[in-house]
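**Q** Below you'll find upload30.cif; it's mmCIF, C-alpha atoms.
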```cif
data_query
loop_
_atom_site.label_atom_id
_atom_site.label_comp_id
_atom_site.auth_asym_id
_atom_site.auth_seq_id
_atom_site.Cartn_x
_atom_site.Cartn_y
_atom_site.Cartn_z
CA MET A 1 52.98 45.08 52.09
CA SER A 2 51.14 48.20 51.10
CA SER A 3 50.10 51.13 53.22
CA PHE A 4 46.97 53.21 53.02
CA LEU A 5 48.04 56.75 52.25
CA GLU A 6 45.84 59.62 53.42
CA TYR A 7 46.35 62.83 51.45
CA ARG A 8 43.61 65.28 52.36
CA HIS A 9 40.69 65.37 54.73
CA ALA A 10 37.34 67.12 54.85
CA ALA A 11 34.58 67.11 57.43
CA ILE A 12 30.96 68.06 56.87
CA ALA A 13 28.66 68.95 59.76
CA ILE A 14 24.97 68.42 59.04
CA ASP A 15 22.43 70.11 61.26
CA THR A 16 19.68 67.50 61.46
CA THR A 17 17.32 69.87 63.27
CA ILE A 18 16.70 71.91 60.13
CA VAL A 19 14.59 69.24 58.41
CA SER A 20 10.94 70.18 57.96
CA ALA A 21 8.37 69.05 60.49
CA GLY A 22 6.75 65.78 59.47
CA VAL A 23 9.90 64.27 57.96
CA ASP A 24 10.34 60.82 59.46
CA MET A 25 13.67 60.91 61.31
CA PRO A 26 15.07 57.99 63.34
CA ALA A 27 14.92 58.05 67.13
CA ASN A 28 17.92 59.59 68.93
CA VAL A 29 19.30 61.19 65.79
CA PRO A 30 22.25 63.41 66.74
CA ALA A 31 21.63 67.12 66.28
CA ARG A 32 24.95 67.40 64.48
CA LEU A 33 25.81 64.60 62.10
CA TYR A 34 29.38 64.54 60.80
CA VAL A 35 30.44 63.10 57.46
CA VAL A 36 34.22 62.75 57.52
CA LEU A 37 35.92 62.27 54.18
CA VAL A 38 39.46 61.29 53.41
CA GLU A 39 41.26 61.39 50.09
CA GLY A 40 43.43 58.30 50.05
CA GLY A 41 44.64 55.24 48.25
CA ASP A 42 46.92 52.26 48.55
CA SER A 43 50.64 52.78 48.21
CA ASN A 44 50.93 50.04 45.58
CA VAL A 45 48.01 50.98 43.32
CA THR A 46 48.76 53.35 40.48
CA THR A 47 46.90 54.99 37.64
CA ILE A 48 47.81 57.06 34.60
CA LYS A 49 47.18 60.79 34.91
CA ARG A 50 47.77 63.58 32.45
CA GLY A 51 49.72 66.42 34.01
CA ALA A 52 49.40 70.17 33.48
CA ASP A 53 52.08 69.93 30.77
CA GLY A 54 49.97 67.45 28.82
CA ARG A 55 52.26 64.48 29.46
CA LYS A 56 50.93 61.24 30.94
CA ARG A 57 52.45 60.00 34.16
CA GLU A 58 51.94 56.96 36.36
CA VAL A 59 50.83 58.21 39.76
CA LEU A 60 49.44 56.62 42.90
CA ALA A 61 45.67 56.18 42.65
CA ARG A 62 43.60 58.14 45.11
CA ARG A 63 39.97 59.01 45.64
CA TRP A 64 37.69 60.52 48.23
CA LEU A 65 36.31 57.97 50.67
CA LEU A 66 34.08 58.01 53.69
CA ALA A 67 36.17 57.81 56.87
CA ALA A 68 33.32 58.01 59.36
CA LEU A 69 29.67 58.99 59.70
CA GLY A 70 28.07 59.89 63.00
CA ASP A 71 28.06 62.28 65.90
CA HIS A 72 31.30 63.60 67.38
CA ASP A 73 31.83 60.58 69.62
CA ASP A 74 30.99 58.07 66.86
CA VAL A 75 33.66 59.62 64.67
CA MET A 76 36.26 59.81 67.44
CA GLU A 77 35.63 56.15 68.38
CA ARG A 78 36.15 55.09 64.77
CA VAL A 79 39.31 57.21 64.51
CA ALA A 80 40.68 55.78 67.76
CA LEU A 81 40.07 52.24 66.46
CA TYR A 82 41.87 53.06 63.19
CA SER A 83 44.68 54.92 64.92
CA GLY A 84 46.53 51.69 65.74
CA SER A 85 47.23 51.15 62.05
CA THR A 86 49.45 54.24 62.03
CA GLU A 87 51.66 52.64 64.68
CA SER A 88 52.54 49.77 62.33
CA GLY A 89 52.85 51.98 59.25
CA ASN A 90 49.71 50.52 57.65
CA THR A 91 48.33 54.05 57.46
CA CYS A 92 50.56 56.98 56.53
CA MET A 93 50.05 60.60 55.63
CA GLY A 94 50.76 61.15 51.94
CA THR A 95 53.87 59.00 51.66
CA ARG A 96 55.29 55.82 53.14
CA GLY A 97 58.55 57.60 53.88
CA ALA A 98 59.58 59.02 57.22
CA SER A 99 57.71 62.24 56.50
CA GLY A 100 54.47 60.28 56.21
CA CYS A 101 54.80 58.62 59.60
CA ILE A 102 52.26 59.76 62.15
CA SER A 103 51.69 58.56 65.69
CA PRO A 104 48.22 57.40 66.79
CA GLU A 105 48.06 60.37 69.15
CA GLN A 106 48.74 62.84 66.31
CA TYR A 107 46.29 61.00 64.08
CA ILE A 108 43.47 61.31 66.63
CA ARG A 109 44.26 65.01 67.23
CA LYS A 110 44.26 65.63 63.48
CA TYR A 111 40.70 64.32 63.19
CA ARG A 112 39.64 66.18 66.35
CA ARG A 113 40.79 69.44 64.73
CA LEU A 114 39.06 68.42 61.51
CA LEU A 115 35.73 68.04 63.31
CA ALA A 116 36.21 71.39 65.03
CA ASN A 117 36.58 73.01 61.58
CA ALA A 118 33.85 71.04 59.80
CA THR A 119 31.93 72.76 57.03
CA GLY A 120 28.22 73.20 57.69
CA GLY A 121 25.17 74.47 55.84
CA TRP A 122 24.62 74.15 52.10
CA ASP A 123 28.36 74.39 51.45
CA GLY A 124 28.87 71.18 53.39
CA LEU A 125 25.98 69.38 51.75
CA MET A 126 27.16 70.13 48.19
CA PRO A 127 29.52 67.13 47.81
CA LEU A 128 26.84 64.79 49.14
CA LEU A 129 24.07 65.77 46.74
CA HIS A 130 23.59 62.92 44.25
CA ALA A 131 26.37 60.89 45.86
CA LYS A 132 25.81 57.19 46.44
CA VAL A 133 25.72 55.62 49.90
CA VAL A 134 27.06 52.07 49.63
CA LEU A 135 26.13 49.52 52.29
CA ASP A 136 27.88 46.18 52.62
CA GLY A 137 26.45 43.36 54.70
CA ALA A 138 23.26 45.30 55.37
CA ASP A 139 20.61 43.12 53.69
CA GLU A 140 19.06 41.97 56.95
CA ALA A 141 19.19 45.44 58.52
CA LEU A 142 17.58 47.06 55.45
CA SER A 143 14.74 44.57 55.45
CA GLN A 144 14.01 45.21 59.14
CA THR A 145 13.75 49.00 58.91
CA PRO A 146 10.48 50.53 57.63
CA PHE A 147 12.28 53.56 56.16
CA PHE A 148 14.53 51.39 54.00
CA GLN A 149 11.66 49.05 53.13
CA ALA A 150 9.83 52.10 51.75
CA LEU A 151 12.94 53.09 49.76
CA ALA A 152 13.20 49.55 48.41
CA ASP A 153 9.54 49.64 47.36
CA GLN A 154 10.27 52.86 45.45
CA GLY A 155 13.21 51.11 43.76
CA ARG A 156 15.72 53.49 45.34
CA ILE A 157 17.91 50.77 46.84
CA ARG A 158 19.96 49.51 43.95
CA PRO A 159 22.29 46.52 43.75
CA HIS A 160 25.97 47.47 43.75
CA PRO A 161 29.03 45.33 42.85
CA TYR A 162 30.13 42.65 45.35
CA GLU A 163 26.57 42.14 46.64
CA GLN A 164 26.46 45.61 48.17
CA LYS A 165 23.49 47.93 48.12
CA ALA A 166 23.54 51.57 46.99
CA ILE A 167 21.21 54.46 47.77
CA ARG A 168 21.44 57.69 45.76
CA LEU A 169 21.22 60.86 47.89
CA THR A 170 18.75 62.74 45.73
CA PRO A 171 17.61 66.14 47.05
CA GLY A 172 13.99 67.25 46.74
CA ASP A 173 12.83 70.51 45.22
CA GLY A 174 15.02 73.16 46.80
CA SER A 175 15.39 71.14 49.94
CA ALA A 176 17.99 68.71 51.28
CA ASP A 177 15.54 67.09 53.72
CA SER A 178 15.63 63.73 51.94
CA VAL A 179 19.45 63.72 51.92
CA ILE A 180 19.63 64.49 55.64
CA GLN A 181 16.86 62.00 56.35
CA THR A 182 18.59 59.20 54.43
CA LEU A 183 21.95 59.88 56.06
CA SER A 184 20.31 59.94 59.50
CA HIS A 185 18.66 56.57 58.90
CA VAL A 186 21.91 55.14 57.51
CA HIS A 187 23.66 56.34 60.65
CA ALA A 188 20.95 54.74 62.80
CA ILE A 189 21.26 51.28 61.22
CA THR A 190 25.06 51.33 61.33
CA ARG A 191 24.75 52.03 65.05
CA GLU A 192 22.25 49.23 65.51
CA PHE A 193 24.16 46.79 63.29
CA PRO A 194 27.88 47.53 63.83
CA GLY A 195 28.88 44.86 61.28
CA ILE A 196 27.66 46.98 58.36
CA ARG A 197 30.43 48.47 56.22
CA LEU A 198 29.57 51.87 54.90
CA GLY A 199 30.95 53.95 52.05
CA ILE A 200 30.02 56.94 49.91
CA ASP A 201 30.80 56.92 46.19
CA GLU A 202 30.56 59.56 43.51
CA LEU A 203 31.20 62.50 45.81
CA GLY A 204 31.45 65.78 43.98
CA TYR A 205 33.17 69.09 44.58
CA VAL A 206 34.91 68.00 47.80
CA ASP A 207 37.82 70.25 46.85
CA ALA A 208 35.49 73.21 47.32
CA LEU A 209 35.43 72.45 51.04
CA LEU A 210 39.19 72.70 51.36
CA SER A 211 41.32 75.72 52.03
CA ARG A 212 43.25 77.13 49.09
CA TYR A 213 46.43 75.66 50.59
CA ALA A 214 44.92 72.15 50.87
CA ARG A 215 43.57 72.38 47.32
CA ARG A 216 47.05 73.10 46.01
CA ALA A 217 48.51 70.23 48.03
CA ALA A 218 46.77 67.70 45.79
CA MET B 219 35.50 44.82 61.70
CA GLN B 220 36.65 46.14 65.06
CA THR B 221 34.00 47.34 67.44
CA VAL B 222 34.20 49.30 70.67
CA ASN B 223 33.98 47.39 73.94
CA THR B 224 31.05 49.14 75.63
CA THR B 225 31.31 47.34 78.97
CA PRO B 226 31.71 50.07 81.63
CA ARG B 227 35.03 49.46 83.36
CA ILE B 228 37.77 51.26 85.19
CA GLU B 229 41.46 50.65 84.58
CA ARG B 230 42.99 50.86 88.05
CA ARG B 231 46.61 49.91 87.50
CA HIS B 232 48.95 48.57 84.87
CA LEU B 233 52.29 46.83 84.81
CA HIS B 234 54.39 46.32 81.71
CA LEU B 235 57.24 43.81 81.43
CA ARG B 236 59.72 43.29 78.61
CA VAL B 237 61.52 39.93 78.59
CA GLY B 238 64.39 39.53 76.12
CA LEU B 239 64.32 36.37 73.99
CA GLN B 240 67.56 36.74 72.03
CA HIS B 241 69.42 34.02 73.96
CA LEU B 242 66.62 31.47 73.97
CA GLU B 243 66.89 29.84 70.55
CA ARG B 244 67.62 26.38 71.95
CA GLU B 245 65.02 26.58 74.71
CA ILE B 246 62.25 27.79 72.38
CA ASP B 247 63.18 25.15 69.80
CA ALA B 248 62.85 22.47 72.49
CA PHE B 249 59.13 23.21 72.94
CA TRP B 250 58.16 24.87 69.68
CA PRO B 251 60.30 23.21 66.97
CA ARG B 252 61.81 25.49 64.32
CA MET B 253 60.53 28.64 66.04
CA GLY B 254 63.74 29.40 67.90
CA GLU B 255 65.62 30.75 64.91
CA SER B 256 62.82 33.06 63.83
CA ILE B 257 62.02 34.29 67.34
CA ALA B 258 65.31 34.48 69.20
CA TYR B 259 67.14 37.22 67.34
CA PRO B 260 68.86 40.26 68.85
CA GLY B 261 66.45 42.81 70.20
CA GLN B 262 63.49 40.43 70.19
CA ALA B 263 61.45 40.49 73.36
CA VAL B 264 58.07 39.40 74.60
CA ARG B 265 56.02 42.26 76.01
CA LEU B 266 53.64 41.37 78.81
CA SER B 267 51.05 43.90 79.94
CA PHE B 268 49.12 43.25 83.13
CA LEU B 269 46.04 45.48 83.51
CA LEU B 270 43.94 45.77 86.65
CA GLU B 271 40.36 46.41 85.59
CA GLU B 272 37.20 46.76 87.59
CA GLN B 273 33.71 46.27 86.26
CA ALA B 274 30.52 47.24 88.06
CA ASP B 275 29.62 44.90 90.94
CA ARG B 276 32.77 42.86 90.46
CA PRO B 277 36.09 42.95 92.28
CA PRO B 278 39.07 44.33 90.34
CA MET B 279 40.78 41.70 88.22
CA TRP B 280 44.25 41.58 86.67
CA HIS B 281 44.37 40.51 83.03
CA LEU B 282 47.36 39.71 80.88
CA HIS B 283 47.94 40.87 77.34
CA ALA B 284 51.09 39.82 75.47
CA ALA B 285 52.78 40.76 72.21
CA LEU B 286 56.13 40.30 70.51
CA ALA B 287 56.35 43.45 68.41
CA ALA B 288 56.17 46.79 70.22
CA TYR B 289 53.73 48.13 67.64
CA HIS B 290 51.37 45.19 68.28
CA GLU B 291 51.29 46.16 71.93
CA MET B 292 50.58 49.79 71.04
CA GLU B 293 47.85 48.73 68.61
CA HIS B 294 46.15 46.94 71.48
CA PHE B 295 46.07 50.13 73.53
CA CYS B 296 44.90 52.16 70.53
CA THR B 297 41.94 49.79 70.19
CA ARG B 298 41.22 50.07 73.90
CA SER B 299 41.42 53.86 73.69
CA ALA B 300 38.22 53.93 71.60
CA ALA B 301 36.31 52.95 74.76
CA THR B 302 37.50 56.14 76.50
CA VAL B 303 35.62 58.38 74.03
CA ARG B 304 32.21 57.83 75.64
CA GLY B 305 33.65 56.99 79.04
CA HIS B 306 33.10 53.22 78.82
CA LEU B 307 36.71 52.97 79.99
CA THR B 308 37.90 55.31 82.73
CA VAL B 309 41.25 55.38 84.49
CA GLY B 310 42.33 55.88 88.09
CA GLU B 311 42.17 54.69 91.67
CA ALA B 312 38.85 54.23 93.45
CA GLY B 313 37.15 57.57 93.96
CA VAL B 314 39.44 59.52 91.63
CA GLU B 315 38.83 57.71 88.34
CA LYS B 316 38.56 60.05 85.38
CA ARG B 317 37.67 60.03 81.74
CA MET B 318 40.63 60.43 79.41
CA LEU B 319 40.97 61.51 75.84
CA PRO B 320 41.94 58.54 73.65
CA GLU B 321 45.19 60.21 72.63
CA ASP B 322 46.08 60.76 76.29
CA TYR B 323 45.27 57.14 77.11
CA ILE B 324 47.57 55.98 74.30
CA ALA B 325 50.30 58.39 75.44
CA MET B 326 49.98 57.09 79.01
CA HIS B 327 50.63 53.53 77.88
CA ARG B 328 53.36 54.58 75.44
CA LYS B 329 55.20 56.10 78.39
CA ALA B 330 54.49 53.07 80.58
CA LEU B 331 55.72 50.68 77.88
CA ALA B 332 58.89 52.72 77.48
CA ASP B 333 59.41 52.38 81.25
CA ALA B 334 58.57 48.65 81.29
CA LEU B 335 60.45 46.46 83.75
CA THR B 336 63.15 44.46 82.01
CA GLY B 337 65.78 41.81 82.79
CA VAL B 338 65.92 40.44 86.31
CA ALA B 339 63.26 42.86 87.57
CA ALA B 340 60.77 41.53 85.00
CA LEU B 341 61.59 37.92 85.79
CA ASP B 342 61.20 38.64 89.53
CA VAL B 343 57.63 39.73 88.87
CA LEU B 344 56.89 36.60 86.84
CA SER B 345 58.49 34.25 89.34
CA GLY B 346 55.84 32.60 91.48
CA LEU B 347 52.86 33.98 89.56
CA ARG B 348 49.79 31.77 89.42
CA LEU B 349 47.76 32.33 86.27
CA HIS B 350 44.54 30.95 84.92
CA ALA B 351 43.95 30.78 81.18
CA SER B 352 40.80 29.96 79.26
CA PHE B 353 40.81 29.46 75.50
CA ALA B 354 38.68 27.90 72.79
CA TYR B 355 41.17 25.34 71.48
CA TYR B 356 44.86 24.54 71.18
CA ASP B 357 47.13 21.97 69.54
CA LEU B 358 46.12 18.84 71.41
CA GLY B 359 48.11 15.65 71.74
CA ASP B 360 51.79 16.04 71.05
CA GLY B 361 51.55 19.61 69.71
CA PRO B 362 54.17 22.13 70.83
CA ASP B 363 51.98 23.93 73.38
CA GLN B 364 51.09 20.57 74.91
CA VAL B 365 54.79 19.68 75.16
CA TRP B 366 55.42 22.92 77.08
CA PHE B 367 52.39 22.35 79.34
CA ALA B 368 53.58 18.80 80.10
CA ALA B 369 57.15 19.92 80.80
CA ARG B 370 55.83 22.39 83.40
CA GLY B 371 53.41 19.84 84.86
CA TRP B 372 50.25 21.67 83.74
CA SER B 373 47.29 19.98 82.16
CA PRO B 374 44.38 21.78 80.47
CA SER B 375 40.89 20.68 81.43
CA ARG B 376 37.94 20.65 79.08
CA ARG B 377 34.92 22.89 79.63
CA ASP B 378 31.32 21.90 78.90
CA ASP B 379 31.23 24.19 75.85
CA GLY B 380 34.31 22.49 74.39
CA GLY B 381 36.76 25.20 75.44
CA TRP B 382 39.74 24.71 77.75
CA GLU B 383 40.84 25.91 81.17
CA LEU B 384 44.45 25.85 82.31
CA ASP B 385 46.09 26.70 85.62
CA MET B 386 49.71 27.80 85.28
CA VAL B 387 52.20 28.27 88.09
CA LEU B 388 55.49 29.96 87.22
CA SER B 389 57.53 28.22 89.91
CA PRO B 390 59.95 30.41 91.91
CA SER B 391 62.51 27.61 91.65
CA THR B 392 62.52 27.83 87.85
CA SER B 393 65.77 29.12 86.34
CA PRO B 394 65.73 32.60 84.74
CA THR B 395 66.18 30.99 81.33
CA ASP B 396 63.13 28.78 81.80
CA LEU B 397 61.17 31.71 83.18
CA ALA B 398 61.95 33.75 80.06
CA THR B 399 60.90 30.73 77.96
CA ASP B 400 57.65 30.65 79.96
CA ALA B 401 57.14 34.32 79.15
CA PHE B 402 57.18 33.34 75.47
CA GLY B 403 54.79 30.50 76.27
CA LEU B 404 52.45 33.01 77.92
CA TYR B 405 52.52 35.02 74.71
CA LYS B 406 51.58 31.85 72.81
CA VAL B 407 48.70 31.11 75.18
CA ALA B 408 47.50 34.72 75.14
CA HIS B 409 47.15 34.45 71.37
CA LEU B 410 45.12 31.24 71.34
CA HIS B 411 41.58 31.64 70.04
CA GLU B 412 39.33 33.45 72.55
CA ALA B 413 42.09 33.38 75.15
CA CYS B 414 41.79 35.20 78.46
CA ILE B 415 44.50 35.05 81.14
CA THR B 416 43.80 36.14 84.70
CA LEU B 417 45.67 35.77 87.99
CA ASP B 418 44.75 34.01 91.21
CA SER B 419 43.96 36.10 94.29
CA THR B 420 47.46 35.81 95.83
CA SER B 421 49.19 36.87 92.63
CA GLN B 422 46.66 39.67 92.15
CA GLN B 423 47.45 40.92 95.62
CA ARG B 424 51.17 40.83 94.84
CA LEU B 425 50.86 42.78 91.60
CA THR B 426 48.61 45.33 93.31
CA GLU B 427 51.25 45.82 96.01
CA ILE B 428 54.14 46.38 93.63
CA THR B 429 52.34 48.80 91.29
CA ALA B 430 51.23 52.39 91.64
CA PRO B 431 47.72 53.54 90.76
CA ALA B 432 47.18 54.63 87.17
CA MET B 433 46.83 58.41 87.16
CA ALA B 434 44.62 59.90 84.51
CA SER B 435 45.14 63.36 85.99
CA LEU B 436 48.73 63.49 84.70
CA PHE B 437 47.47 63.59 81.14
#
```
I need this file expressed as structure tokens, please.
**A**
Amino acid sequence: MSSFLEYRHAAIAIDTTIVSAGVDMPANVPARLYVVLVEGGDSNVTTIKRGADGRKREVLARRWLLAALGDHDDVMERVALYSGSTESGNTCMGTRGASGCISPEQYIRKYRRLLANATGGWDGLMPLLHAKVVLDGADEALSQTPFFQALADQGRIRPHPYEQKAIRLTPGDGSADSVIQTLSHVHAITREFPGIRLGIDELGYVDALLSRYARRAA
Amino acid sequence: MQTVNTTPRIERRHLHLRVGLQHLEREIDAFWPRMGESIAYPGQAVRLSFLLEEQADRPPMWHLHAALAAYHEMEHFCTRSAATVRGHLTVGEAGVEKRMLPEDYIAMHRKALADALTGVAALDVLSGLRLHASFAYYDLGDGPDQVWFAARGWSPSRRDDGGWELDMVLSPSTSPTDLATDAFGLYKVAHLHEACITLDSTSQQRLTEITAPAMASLF
């Protein structure tokens, strides 16, 4: 049995009220939209990495993944649902050993602190620019939403492996309105259709959001 | 994919029992062949959690949840804790129910599970209970669950939608060994597809009398 190892975490707070007037936003969009990222990987999946000394080593594979997208309560609900997997050791912090064990209560508090210290503004948006939102099991939902129908007509909803769909978060000229708008609509359909599985690929510069200590901990 | 139960409800009381199974290899084998050896090992126990919940416009109702491994039981309460985030699930006696943080809700049940009734005290609670189970399907005919039902004199009845209803009475005259075996049987029933186990009004009254109100304010 493998465990999912979580190494580092980052939270981005997006102020959805800053988008320009006239941008079509979904109804009931939260004023503060959180994108919670976790750097993790399975305990039995490895990759080859070249170290600082130039030598190649086999190390556990890890990458930045989307942990949750939504307002504060959406994120905390998702974290509470996941927290049970720490009880059985299916999710650990950094290592499967005793030092990686975490209780569900600690796990939830960890994410609560993370949200309290989320990065906002342009700094927070940086990793999301040109990243790819990946939707699984969303074909029906995408076809029912005018915003996504318009994106599909523009050819911006691309097929992704395993019959998933991908949307590139492309910013406009000097403005992140389209990124915030797309994320808000993605959040709205995942709320309306809870069966949709959501991910974000090709995130960049997430390390820039971390403290110097957390950057070194990699 | 797990989703949050958004039905507004209040958890009024809870009662956790831990019934040891280590001495029941022969008894479990009698009803569920070849399971005795893998189930009845030292330290193994069935964990029964009775929860008194109240939904709007409905009287409070005791429900049973059962698990073998302690972490399975905790996982159940972690999943439930997600409903506390937006206040779909609140905790406390009538008039003093409160919202809880999910981590506090989990901690409350972790403490309660650590203090679960065990041994004779747990069997005393089970003795005489009248339960009602509904489930989608089970091993019909001469399957192991059916053998246990028949040995206790219970017979499932078919619903219009193809599911099953079963009334179970844990007779007070049953020996402690058989009662502990029944506790394992309850675990089996609780894990049937779409299973829900509730108590009849007399048993509900009894559990309400022997339990204290859940107190969110302590956390």
**Q** For the atom pair atom CA of B:Tyr323 and atom CA of A:Tyr34, what is the interatomic distance in Å to one decimal place?
**A**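 A separation of 23.9 Å between them.
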**Q** Identify all residues satisfying the PyMOL selection byres ((chain A) within 6 of (chain B)) in the given file; provide them as a PyMOL selection string.
**A** chain A and resi 77+80-81+84+87-88+105
**Q** Would you kindly translate the PyMOL selection byres ((chain B and resi 278-283) around 9) into the concrete residues it picks from this file, as number ranges by chain?
**A** B: 228-232, 265-273, 276-277, 284-285, 291, 294, 404-405, 408-409, 414-419, 422, 425-426
**Q** Name every residue that the PyMOL selection byres ((chain A and resi 179) around 9) selects in this structure, writing the answer as a count of residues only with chains first and numbers rising.
**A** 18
**Q** How many Å lie between atom CA of B:Gln240 and atom CA of B:Glu412, rounded to one decimal?
**A**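 Those two atoms sit 28.4 Å apart.
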